file input-v8.txt (compact mmCIF, N, CA, C and O atoms)
# COMPACT_ATOMS: atom_id res chain seq x y z
N MET A 26 -34.20 -52.20 -32.92
CA MET A 26 -32.93 -52.66 -32.40
C MET A 26 -32.55 -53.98 -33.02
O MET A 26 -33.25 -54.50 -33.86
N GLY A 27 -31.47 -54.56 -32.57
CA GLY A 27 -31.02 -55.80 -33.15
C GLY A 27 -30.32 -55.55 -34.47
O GLY A 27 -30.14 -54.43 -34.90
N LYS A 28 -29.90 -56.60 -35.08
CA LYS A 28 -29.26 -56.55 -36.39
C LYS A 28 -28.05 -55.62 -36.44
O LYS A 28 -27.63 -55.20 -37.50
N GLY A 29 -27.52 -55.20 -35.29
CA GLY A 29 -26.29 -54.43 -35.24
C GLY A 29 -26.39 -52.99 -35.68
O GLY A 29 -25.39 -52.32 -35.78
N LYS A 30 -27.58 -52.49 -35.95
CA LYS A 30 -27.70 -51.09 -36.35
C LYS A 30 -28.08 -50.25 -35.14
O LYS A 30 -28.88 -50.66 -34.32
N SER A 31 -27.52 -49.04 -35.07
CA SER A 31 -27.86 -48.17 -33.96
C SER A 31 -29.21 -47.52 -34.21
O SER A 31 -29.65 -47.36 -35.35
N ASP A 32 -29.88 -47.20 -33.12
CA ASP A 32 -31.18 -46.56 -33.22
C ASP A 32 -31.06 -45.07 -33.54
O ASP A 32 -31.99 -44.47 -34.03
N LEU A 33 -29.91 -44.51 -33.24
CA LEU A 33 -29.71 -43.08 -33.46
C LEU A 33 -28.40 -42.87 -34.20
O LEU A 33 -27.36 -43.39 -33.80
N SER A 34 -28.48 -42.16 -35.27
CA SER A 34 -27.25 -41.81 -35.97
C SER A 34 -27.40 -40.39 -36.51
O SER A 34 -28.48 -39.98 -36.89
N LEU A 35 -26.30 -39.68 -36.47
CA LEU A 35 -26.27 -38.31 -36.97
C LEU A 35 -25.13 -38.20 -37.98
O LEU A 35 -24.06 -38.76 -37.76
N PRO A 36 -25.35 -37.46 -39.03
CA PRO A 36 -24.27 -37.25 -40.01
C PRO A 36 -23.30 -36.18 -39.48
O PRO A 36 -23.34 -35.02 -39.88
N LEU A 37 -22.44 -36.58 -38.54
CA LEU A 37 -21.58 -35.60 -37.86
C LEU A 37 -20.66 -34.87 -38.82
O LEU A 37 -20.46 -33.66 -38.68
N THR A 38 -20.11 -35.57 -39.78
CA THR A 38 -19.22 -34.91 -40.74
C THR A 38 -19.97 -33.82 -41.50
O THR A 38 -19.45 -32.72 -41.68
N GLU A 39 -21.19 -34.15 -41.92
CA GLU A 39 -21.99 -33.16 -42.64
C GLU A 39 -22.35 -31.97 -41.74
O GLU A 39 -22.34 -30.83 -42.19
N LEU A 40 -22.64 -32.25 -40.47
CA LEU A 40 -22.96 -31.15 -39.54
C LEU A 40 -21.74 -30.26 -39.30
O LEU A 40 -21.86 -29.05 -39.21
N GLU A 41 -20.56 -30.87 -39.20
CA GLU A 41 -19.34 -30.08 -39.04
C GLU A 41 -19.12 -29.21 -40.28
O GLU A 41 -18.79 -28.03 -40.17
N ASP A 42 -19.31 -29.80 -41.44
CA ASP A 42 -19.16 -29.05 -42.69
C ASP A 42 -20.20 -27.95 -42.80
O ASP A 42 -19.93 -26.87 -43.32
N TYR A 43 -21.41 -28.22 -42.31
CA TYR A 43 -22.50 -27.24 -42.36
C TYR A 43 -22.10 -25.98 -41.60
O TYR A 43 -22.27 -24.87 -42.12
N GLY A 44 -21.57 -26.13 -40.40
CA GLY A 44 -21.13 -24.96 -39.63
C GLY A 44 -20.05 -24.18 -40.35
O GLY A 44 -20.08 -22.95 -40.40
N ARG A 45 -19.09 -24.90 -40.93
CA ARG A 45 -18.02 -24.22 -41.68
C ARG A 45 -18.57 -23.48 -42.90
O ARG A 45 -18.16 -22.37 -43.20
N ARG A 46 -19.50 -24.12 -43.60
CA ARG A 46 -20.08 -23.47 -44.79
C ARG A 46 -20.86 -22.22 -44.41
O ARG A 46 -20.80 -21.21 -45.11
N LEU A 47 -21.60 -22.28 -43.32
CA LEU A 47 -22.34 -21.10 -42.88
C LEU A 47 -21.40 -19.95 -42.55
O LEU A 47 -21.66 -18.80 -42.90
N ARG A 48 -20.31 -20.26 -41.89
CA ARG A 48 -19.34 -19.21 -41.56
C ARG A 48 -18.67 -18.65 -42.81
O ARG A 48 -18.37 -17.46 -42.89
N SER A 49 -18.47 -19.50 -43.80
CA SER A 49 -17.91 -19.05 -45.07
C SER A 49 -18.87 -18.11 -45.78
O SER A 49 -18.46 -17.08 -46.34
N ILE A 50 -20.14 -18.44 -45.76
CA ILE A 50 -21.16 -17.57 -46.36
C ILE A 50 -21.15 -16.22 -45.67
O ILE A 50 -21.17 -15.16 -46.32
N LYS A 51 -21.09 -16.23 -44.35
CA LYS A 51 -21.06 -14.98 -43.59
C LYS A 51 -19.86 -14.13 -44.00
O LYS A 51 -19.99 -12.93 -44.23
N THR A 52 -18.71 -14.76 -44.11
CA THR A 52 -17.50 -14.03 -44.50
C THR A 52 -17.67 -13.40 -45.87
O THR A 52 -17.34 -12.22 -46.08
N ARG A 53 -18.20 -14.17 -46.81
CA ARG A 53 -18.39 -13.64 -48.17
C ARG A 53 -19.43 -12.53 -48.19
O ARG A 53 -19.28 -11.56 -48.94
N LEU A 54 -20.48 -12.65 -47.38
CA LEU A 54 -21.49 -11.58 -47.33
C LEU A 54 -20.88 -10.28 -46.83
O LEU A 54 -21.27 -9.20 -47.28
N ASN A 55 -19.94 -10.40 -45.93
CA ASN A 55 -19.34 -9.21 -45.35
C ASN A 55 -18.24 -8.60 -46.21
O ASN A 55 -17.65 -7.59 -45.84
N HIS A 56 -17.97 -9.18 -47.36
CA HIS A 56 -16.93 -8.64 -48.25
C HIS A 56 -17.49 -8.07 -49.55
O HIS A 56 -16.73 -7.83 -50.48
N THR A 57 -18.80 -7.83 -49.61
CA THR A 57 -19.36 -7.30 -50.86
C THR A 57 -18.83 -5.91 -51.16
O THR A 57 -18.58 -5.60 -52.32
N LYS A 58 -18.65 -5.10 -50.14
CA LYS A 58 -18.16 -3.74 -50.38
C LYS A 58 -16.77 -3.78 -51.02
O LYS A 58 -16.51 -3.07 -52.00
N LYS A 59 -15.89 -4.61 -50.48
CA LYS A 59 -14.55 -4.73 -51.05
C LYS A 59 -14.61 -5.27 -52.48
O LYS A 59 -13.86 -4.83 -53.35
N LEU A 60 -15.50 -6.21 -52.71
CA LEU A 60 -15.66 -6.77 -54.05
C LEU A 60 -16.09 -5.68 -55.03
O LEU A 60 -15.51 -5.54 -56.11
N PHE A 61 -17.11 -4.91 -54.65
CA PHE A 61 -17.59 -3.84 -55.53
C PHE A 61 -16.49 -2.82 -55.79
O PHE A 61 -16.31 -2.35 -56.91
N GLU A 62 -15.75 -2.47 -54.73
CA GLU A 62 -14.68 -1.48 -54.89
C GLU A 62 -13.57 -2.00 -55.80
O GLU A 62 -12.95 -1.22 -56.52
N SER A 63 -13.34 -3.32 -55.77
CA SER A 63 -12.27 -3.88 -56.61
C SER A 63 -12.61 -3.77 -58.10
O SER A 63 -11.71 -3.77 -58.94
N TYR A 64 -13.90 -3.64 -58.45
CA TYR A 64 -14.32 -3.52 -59.85
C TYR A 64 -14.63 -2.08 -60.26
O TYR A 64 -14.96 -1.83 -61.41
N LYS A 65 -14.49 -1.15 -59.34
CA LYS A 65 -14.88 0.23 -59.59
C LYS A 65 -14.23 0.80 -60.86
O LYS A 65 -14.90 1.39 -61.70
N ASP A 66 -12.93 0.62 -60.99
CA ASP A 66 -12.21 1.16 -62.15
C ASP A 66 -12.58 0.42 -63.43
O ASP A 66 -12.63 1.02 -64.51
N ASP A 67 -12.87 -0.88 -63.31
CA ASP A 67 -13.22 -1.67 -64.49
C ASP A 67 -14.60 -1.28 -65.03
O ASP A 67 -14.83 -1.32 -66.24
N ILE A 68 -15.50 -0.93 -64.13
CA ILE A 68 -16.86 -0.57 -64.54
C ILE A 68 -16.88 0.80 -65.19
O ILE A 68 -17.46 0.98 -66.25
N GLY A 69 -16.22 1.73 -64.55
CA GLY A 69 -16.07 3.05 -65.15
C GLY A 69 -17.30 3.93 -65.07
O GLY A 69 -17.21 5.10 -64.74
N ASP A 70 -18.47 3.44 -65.38
CA ASP A 70 -19.69 4.24 -65.39
C ASP A 70 -20.07 4.64 -63.96
O ASP A 70 -20.30 3.79 -63.10
N GLY A 71 -20.16 5.92 -63.73
CA GLY A 71 -20.49 6.42 -62.40
C GLY A 71 -21.85 5.98 -61.91
O GLY A 71 -22.06 5.76 -60.72
N LYS A 72 -22.81 5.83 -62.82
CA LYS A 72 -24.16 5.41 -62.43
C LYS A 72 -24.15 3.98 -61.88
O LYS A 72 -24.84 3.70 -60.89
N VAL A 73 -23.39 3.12 -62.50
CA VAL A 73 -23.31 1.74 -62.03
C VAL A 73 -22.64 1.70 -60.66
O VAL A 73 -23.11 1.03 -59.74
N ASN A 74 -21.56 2.46 -60.53
CA ASN A 74 -20.88 2.50 -59.24
C ASN A 74 -21.77 3.09 -58.15
O ASN A 74 -21.77 2.60 -57.02
N ASP A 75 -22.53 4.12 -58.50
CA ASP A 75 -23.47 4.70 -57.53
C ASP A 75 -24.54 3.68 -57.14
O ASP A 75 -24.92 3.57 -55.97
N ALA A 76 -25.02 2.93 -58.11
CA ALA A 76 -26.02 1.90 -57.83
C ALA A 76 -25.44 0.82 -56.91
O ALA A 76 -26.11 0.34 -55.99
N LEU A 77 -24.21 0.44 -57.17
CA LEU A 77 -23.56 -0.56 -56.31
C LEU A 77 -23.36 -0.01 -54.90
O LEU A 77 -23.55 -0.74 -53.91
N ASP A 78 -23.00 1.25 -54.79
CA ASP A 78 -22.87 1.88 -53.47
C ASP A 78 -24.21 1.90 -52.75
O ASP A 78 -24.27 1.62 -51.53
N ASP A 79 -25.27 2.23 -53.47
CA ASP A 79 -26.62 2.22 -52.87
C ASP A 79 -27.00 0.82 -52.41
O ASP A 79 -27.54 0.64 -51.32
N PHE A 80 -26.71 -0.15 -53.27
CA PHE A 80 -27.01 -1.53 -52.90
C PHE A 80 -26.27 -1.91 -51.63
O PHE A 80 -26.84 -2.48 -50.70
N GLU A 81 -24.98 -1.60 -51.60
CA GLU A 81 -24.16 -1.93 -50.43
C GLU A 81 -24.69 -1.27 -49.17
O GLU A 81 -24.77 -1.88 -48.11
N SER A 82 -25.09 -0.02 -49.30
CA SER A 82 -25.63 0.70 -48.15
C SER A 82 -26.91 0.05 -47.63
O SER A 82 -27.08 -0.16 -46.43
N ASN A 83 -27.82 -0.27 -48.54
CA ASN A 83 -29.08 -0.92 -48.14
C ASN A 83 -28.84 -2.35 -47.66
O ASN A 83 -29.50 -2.82 -46.74
N TRP A 84 -27.92 -3.01 -48.29
CA TRP A 84 -27.59 -4.39 -47.94
C TRP A 84 -27.04 -4.47 -46.52
O TRP A 84 -27.29 -5.41 -45.78
N GLU A 85 -26.30 -3.43 -46.13
CA GLU A 85 -25.71 -3.39 -44.80
C GLU A 85 -26.78 -3.44 -43.72
O GLU A 85 -26.58 -4.05 -42.67
N ASP A 86 -27.94 -2.85 -43.98
CA ASP A 86 -29.02 -2.83 -43.00
C ASP A 86 -29.51 -4.24 -42.66
O ASP A 86 -29.71 -4.57 -41.50
N GLY A 87 -29.71 -5.07 -43.66
CA GLY A 87 -30.22 -6.42 -43.43
C GLY A 87 -29.15 -7.46 -43.17
O GLY A 87 -29.43 -8.53 -42.64
N ARG A 88 -27.94 -7.13 -43.55
CA ARG A 88 -26.85 -8.10 -43.42
C ARG A 88 -26.59 -8.49 -41.97
O ARG A 88 -26.32 -9.65 -41.68
N GLU A 89 -26.71 -7.55 -41.05
CA GLU A 89 -26.45 -7.85 -39.64
C GLU A 89 -27.39 -8.94 -39.14
O GLU A 89 -26.95 -9.87 -38.45
N ASP A 90 -28.67 -8.83 -39.49
CA ASP A 90 -29.62 -9.87 -39.09
C ASP A 90 -29.25 -11.22 -39.69
O ASP A 90 -29.28 -12.25 -39.00
N ILE A 91 -28.89 -11.22 -40.94
CA ILE A 91 -28.53 -12.47 -41.62
C ILE A 91 -27.28 -13.08 -40.99
O ILE A 91 -27.24 -14.28 -40.72
N THR A 92 -26.27 -12.26 -40.73
CA THR A 92 -25.03 -12.80 -40.17
C THR A 92 -25.25 -13.32 -38.75
O THR A 92 -24.66 -14.33 -38.36
N GLN A 93 -26.13 -12.67 -37.98
CA GLN A 93 -26.44 -13.18 -36.64
C GLN A 93 -27.14 -14.54 -36.72
O GLN A 93 -26.84 -15.45 -35.94
N GLN A 94 -28.03 -14.68 -37.68
CA GLN A 94 -28.72 -15.96 -37.86
C GLN A 94 -27.75 -17.04 -38.34
O GLN A 94 -27.83 -18.20 -37.91
N LEU A 95 -26.84 -16.68 -39.23
CA LEU A 95 -25.84 -17.63 -39.70
C LEU A 95 -24.95 -18.09 -38.53
O LEU A 95 -24.65 -19.28 -38.40
N ASP A 96 -24.55 -17.13 -37.70
CA ASP A 96 -23.74 -17.47 -36.52
C ASP A 96 -24.50 -18.42 -35.59
O ASP A 96 -23.94 -19.40 -35.10
N ALA A 97 -25.77 -18.12 -35.35
CA ALA A 97 -26.58 -18.95 -34.46
C ALA A 97 -26.72 -20.37 -35.00
O ALA A 97 -26.58 -21.34 -34.25
N LEU A 98 -26.98 -20.50 -36.30
CA LEU A 98 -27.11 -21.83 -36.90
C LEU A 98 -25.78 -22.59 -36.85
O LEU A 98 -25.76 -23.79 -36.56
N ALA A 99 -24.70 -21.90 -37.13
CA ALA A 99 -23.38 -22.54 -37.09
C ALA A 99 -23.05 -22.99 -35.66
O ALA A 99 -22.55 -24.10 -35.45
N ASP A 100 -23.36 -22.14 -34.68
CA ASP A 100 -23.12 -22.50 -33.28
C ASP A 100 -23.97 -23.69 -32.86
O ASP A 100 -23.50 -24.58 -32.15
N MET A 101 -25.23 -23.73 -33.31
CA MET A 101 -26.09 -24.86 -32.99
C MET A 101 -25.53 -26.15 -33.60
O MET A 101 -25.52 -27.20 -32.94
N SER A 102 -25.07 -26.06 -34.80
CA SER A 102 -24.48 -27.22 -35.47
C SER A 102 -23.26 -27.71 -34.70
O SER A 102 -23.12 -28.91 -34.44
N ASP A 103 -22.40 -26.79 -34.29
CA ASP A 103 -21.21 -27.15 -33.51
C ASP A 103 -21.60 -27.79 -32.18
O ASP A 103 -20.98 -28.77 -31.75
N THR A 104 -22.63 -27.26 -31.55
CA THR A 104 -23.09 -27.79 -30.26
C THR A 104 -23.63 -29.21 -30.41
O THR A 104 -23.32 -30.09 -29.60
N VAL A 105 -24.41 -29.44 -31.44
CA VAL A 105 -24.95 -30.79 -31.68
C VAL A 105 -23.80 -31.77 -31.87
O VAL A 105 -23.79 -32.86 -31.27
N VAL A 106 -22.84 -31.42 -32.69
CA VAL A 106 -21.70 -32.30 -32.94
C VAL A 106 -20.94 -32.57 -31.65
O VAL A 106 -20.64 -33.72 -31.30
N ARG A 107 -20.61 -31.51 -30.91
CA ARG A 107 -19.84 -31.64 -29.68
C ARG A 107 -20.57 -32.51 -28.65
O ARG A 107 -20.01 -33.44 -28.08
N GLU A 108 -21.86 -32.22 -28.44
CA GLU A 108 -22.63 -32.96 -27.43
C GLU A 108 -22.86 -34.41 -27.85
O GLU A 108 -22.84 -35.31 -27.01
N PHE A 109 -23.08 -34.66 -29.13
CA PHE A 109 -23.28 -36.03 -29.58
C PHE A 109 -21.99 -36.83 -29.42
O PHE A 109 -22.02 -37.99 -28.98
N LYS A 110 -20.85 -36.22 -29.75
CA LYS A 110 -19.57 -36.91 -29.57
C LYS A 110 -19.31 -37.20 -28.09
O LYS A 110 -18.81 -38.27 -27.74
N LYS A 111 -19.65 -36.23 -27.25
CA LYS A 111 -19.47 -36.41 -25.81
C LYS A 111 -20.34 -37.56 -25.31
O LYS A 111 -19.87 -38.43 -24.57
N LEU A 112 -21.59 -37.59 -25.73
CA LEU A 112 -22.51 -38.67 -25.34
C LEU A 112 -22.00 -40.01 -25.86
O LEU A 112 -22.00 -41.01 -25.12
N ASP A 113 -21.56 -40.03 -27.10
CA ASP A 113 -21.05 -41.27 -27.68
C ASP A 113 -19.83 -41.77 -26.90
O ASP A 113 -19.73 -42.98 -26.62
N ASP A 114 -18.93 -40.87 -26.51
CA ASP A 114 -17.76 -41.26 -25.72
C ASP A 114 -18.18 -41.80 -24.35
O ASP A 114 -17.62 -42.80 -23.88
N GLU A 115 -19.15 -41.14 -23.72
CA GLU A 115 -19.62 -41.59 -22.41
C GLU A 115 -20.26 -42.98 -22.50
O GLU A 115 -20.00 -43.85 -21.66
N LEU A 116 -21.08 -43.20 -23.52
CA LEU A 116 -21.71 -44.50 -23.69
C LEU A 116 -20.68 -45.58 -24.00
O LEU A 116 -20.77 -46.70 -23.48
N ALA A 117 -19.71 -45.26 -24.82
CA ALA A 117 -18.66 -46.23 -25.13
C ALA A 117 -17.87 -46.59 -23.88
O ALA A 117 -17.54 -47.76 -23.66
N LYS A 118 -17.59 -45.60 -23.04
CA LYS A 118 -16.87 -45.86 -21.79
C LYS A 118 -17.69 -46.78 -20.89
O LYS A 118 -17.15 -47.72 -20.30
N LYS A 119 -18.98 -46.53 -20.78
CA LYS A 119 -19.83 -47.37 -19.94
C LYS A 119 -19.86 -48.81 -20.46
O LYS A 119 -19.80 -49.76 -19.68
N VAL A 120 -19.95 -48.96 -21.76
CA VAL A 120 -19.95 -50.31 -22.34
C VAL A 120 -18.61 -50.99 -22.07
O VAL A 120 -18.57 -52.15 -21.66
N ASN A 121 -17.52 -50.26 -22.29
CA ASN A 121 -16.19 -50.84 -22.04
C ASN A 121 -16.00 -51.21 -20.59
O ASN A 121 -15.45 -52.27 -20.27
N ASP A 122 -16.47 -50.37 -19.67
CA ASP A 122 -16.38 -50.66 -18.24
C ASP A 122 -17.21 -51.89 -17.89
O ASP A 122 -16.77 -52.73 -17.10
N ALA A 123 -18.38 -52.01 -18.47
CA ALA A 123 -19.24 -53.17 -18.22
C ALA A 123 -18.58 -54.44 -18.74
O ALA A 123 -18.62 -55.48 -18.09
N VAL A 124 -17.96 -54.38 -19.89
CA VAL A 124 -17.28 -55.54 -20.46
C VAL A 124 -16.10 -55.93 -19.58
O VAL A 124 -15.88 -57.11 -19.30
N LYS A 125 -15.33 -54.95 -19.11
CA LYS A 125 -14.19 -55.23 -18.23
C LYS A 125 -14.66 -55.88 -16.94
O LYS A 125 -14.04 -56.80 -16.44
N THR A 126 -15.78 -55.42 -16.38
CA THR A 126 -16.33 -55.98 -15.15
C THR A 126 -16.70 -57.44 -15.38
O THR A 126 -16.41 -58.29 -14.54
N GLN A 127 -17.30 -57.76 -16.49
CA GLN A 127 -17.66 -59.14 -16.80
C GLN A 127 -16.41 -59.99 -16.96
O GLN A 127 -16.37 -61.14 -16.53
N ASP A 128 -15.37 -59.46 -17.58
CA ASP A 128 -14.15 -60.22 -17.84
C ASP A 128 -13.38 -60.53 -16.56
O ASP A 128 -12.61 -61.48 -16.52
N THR A 129 -13.56 -59.74 -15.51
CA THR A 129 -12.79 -59.94 -14.29
C THR A 129 -13.49 -60.87 -13.31
O THR A 129 -12.97 -61.14 -12.23
N ARG A 130 -14.65 -61.41 -13.65
CA ARG A 130 -15.34 -62.35 -12.75
C ARG A 130 -14.56 -63.66 -12.67
O ARG A 130 -13.90 -64.05 -13.63
N ASP A 131 -14.69 -64.29 -11.56
CA ASP A 131 -14.02 -65.59 -11.33
C ASP A 131 -14.69 -66.65 -12.19
O ASP A 131 -15.88 -66.91 -12.03
N PRO A 132 -13.96 -67.27 -13.11
CA PRO A 132 -14.57 -68.25 -14.00
C PRO A 132 -15.06 -69.49 -13.25
O PRO A 132 -15.85 -70.27 -13.78
N ARG A 133 -14.63 -69.70 -12.00
CA ARG A 133 -15.08 -70.85 -11.23
C ARG A 133 -16.46 -70.62 -10.63
O ARG A 133 -17.11 -71.56 -10.21
N ARG A 134 -16.90 -69.36 -10.59
CA ARG A 134 -18.21 -69.07 -10.01
C ARG A 134 -19.31 -69.43 -11.00
O ARG A 134 -19.15 -69.24 -12.20
N PRO A 135 -20.40 -69.91 -10.48
CA PRO A 135 -21.53 -70.22 -11.37
C PRO A 135 -22.01 -68.97 -12.08
O PRO A 135 -22.04 -67.88 -11.51
N GLY A 136 -22.36 -69.11 -13.31
CA GLY A 136 -22.88 -67.99 -14.09
C GLY A 136 -21.80 -67.19 -14.79
O GLY A 136 -22.08 -66.31 -15.57
N ALA A 137 -20.54 -67.46 -14.46
CA ALA A 137 -19.46 -66.74 -15.13
C ALA A 137 -19.23 -67.33 -16.50
O ALA A 137 -19.45 -68.51 -16.72
N GLN A 138 -18.81 -66.53 -17.40
CA GLN A 138 -18.60 -66.99 -18.78
C GLN A 138 -17.19 -67.41 -19.00
O GLN A 138 -16.24 -66.91 -18.62

call {"tool": "encode", "arguments": {"input": "input-v8.txt", "output": "structure tokens"}}
result
Amino acid sequence: MGKGKSDLSLPLTELEDYGRRLRSIKTRLNHTKKLFESYKDDIGDGKVNDALDDFESNWEDGREDITQQLDALADMSDTVVREFKKLDDELAKKVNDAVKTQDTRDPRRPGAQ
């Protein structure tokens, strides 16, 4: 303590960005089928398209687990940010209330500043 530095600090901006990035990854993971289909005519070779279809089919099996984990991590990040901001606001209010209480003391009383 002392020296004006807080004992606890969190990179809130980075945590907010982290949740957004995780949700962006989830969105992109869920669009692989559309991406593959958009290149179908450009690829032309049926074997490549069949392989991409197989990949997409197999990928779908594991994707649900991954997207659930991404959602959970993003939600945790959002919760940490929200709760830390709430705590910070509550502590700031208590400090402000304490300062106001000190300022309203009668300056004629002993011990008043």

call {"tool": "atom_distance", "arguments": {"input": "input-v8.txt", "atom1": "atom CA of A:Thr92", "atom2": "atom CA of A:Lys110"}}
result
26.9 Å

call {"tool": "residues_near_point", "arguments": {"input": "input-v8.txt", "point": "(-15.0, -21.9, -38.7)", "cutoff": "12 Å", "atoms": "only C-alpha atoms", "output": "PyMOL selection string"}}
result
chain A and resi 41-52+95-96+99-100+102-103

call {"tool": "atom_distance", "arguments": {"input": "input-v8.txt", "atom1": "atom CA of A:Val105", "atom2": "atom N of A:Asp32"}}
result
17.2 Å

call {"tool": "atom_distance", "arguments": {"input": "input-v8.txt", "atom1": "atom CA of A:His56", "atom2": "atom CA of A:Val106"}}
result
28.6 Å

call {"tool": "select_by_dssp", "arguments": {"input": "input-v8.txt", "residues": "chain A", "states": "helix (DSSP H, G or I)", "output": "VMD selection string"}}
result
chain A and resid 37 to 54 57 to 63 65 to 68 71 to 128

call {"tool": "closest_residue", "arguments": {"input": "input-v8.txt", "among": "A:Phe61, A:Ala117, A:Ile91, A:Val124", "to": "A:Val73", "atoms": "only C-alpha atoms"}}
result
A:Phe61

call {"tool": "axis_aligned_box", "arguments": {"input": "input-v8.txt", "around": "stretch 105-123 of chain A", "padding_each_side": "8 Å", "output": "lines of an AutoDock Vina configuration file"}}
result
center_x = -20.2
center_y = -42.5
center_z = -25.0
size_x = 25.5
size_y = 42.0
size_z = 31.8

call {"tool": "build_atoms", "arguments": {"input": "input-v8.txt", "residues": "stretch 32-38 of chain A", "atoms": "all heavy atoms", "output": "short mmCIF file (atom, residue, chain, number, x, y, z; two decimals), keeping the file's coordinate frame"}}
result
data_model
loop_
_atom_site.label_atom_id
_atom_site.label_comp_id
_atom_site.auth_asym_id
_atom_site.auth_seq_id
_atom_site.Cartn_x
_atom_site.Cartn_y
_atom_site.Cartn_z
N ASP A 32 -29.88 -47.20 -33.12
CA ASP A 32 -31.18 -46.56 -33.22
C ASP A 32 -31.06 -45.07 -33.54
O ASP A 32 -31.99 -44.47 -34.03
CB ASP A 32 -31.95 -46.73 -31.91
CG ASP A 32 -32.35 -48.17 -31.67
OD1 ASP A 32 -32.46 -48.92 -32.65
OD2 ASP A 32 -32.53 -48.54 -30.50
N LEU A 33 -29.91 -44.51 -33.24
CA LEU A 33 -29.71 -43.08 -33.46
C LEU A 33 -28.40 -42.87 -34.20
O LEU A 33 -27.36 -43.39 -33.80
CB LEU A 33 -29.65 -42.35 -32.11
CG LEU A 33 -29.34 -40.86 -32.15
CD1 LEU A 33 -30.46 -40.11 -32.85
CD2 LEU A 33 -29.16 -40.32 -30.75
N SER A 34 -28.48 -42.16 -35.27
CA SER A 34 -27.25 -41.81 -35.97
C SER A 34 -27.40 -40.39 -36.51
O SER A 34 -28.48 -39.98 -36.89
CB SER A 34 -26.94 -42.78 -37.10
OG SER A 34 -27.91 -42.67 -38.11
N LEU A 35 -26.30 -39.68 -36.47
CA LEU A 35 -26.27 -38.31 -36.97
C LEU A 35 -25.13 -38.20 -37.98
O LEU A 35 -24.06 -38.76 -37.76
CB LEU A 35 -26.02 -37.32 -35.84
CG LEU A 35 -27.15 -37.11 -34.86
CD1 LEU A 35 -26.70 -36.19 -33.73
CD2 LEU A 35 -28.35 -36.49 -35.55
N PRO A 36 -25.35 -37.46 -39.03
CA PRO A 36 -24.27 -37.25 -40.01
C PRO A 36 -23.30 -36.18 -39.48
O PRO A 36 -23.34 -35.02 -39.88
CB PRO A 36 -25.03 -36.77 -41.25
CG PRO A 36 -26.24 -36.09 -40.70
CD PRO A 36 -26.60 -36.84 -39.44
N LEU A 37 -22.44 -36.58 -38.54
CA LEU A 37 -21.58 -35.60 -37.86
C LEU A 37 -20.66 -34.87 -38.82
O LEU A 37 -20.46 -33.66 -38.68
CB LEU A 37 -20.75 -36.29 -36.77
CG LEU A 37 -21.56 -36.85 -35.60
CD1 LEU A 37 -20.63 -37.50 -34.58
CD2 LEU A 37 -22.40 -35.78 -34.95
N THR A 38 -20.11 -35.57 -39.78
CA THR A 38 -19.22 -34.91 -40.74
C THR A 38 -19.97 -33.82 -41.50
O THR A 38 -19.45 -32.72 -41.68
CB THR A 38 -18.63 -35.95 -41.72
OG1 THR A 38 -17.97 -36.96 -40.97
CG2 THR A 38 -17.67 -35.30 -42.69
#
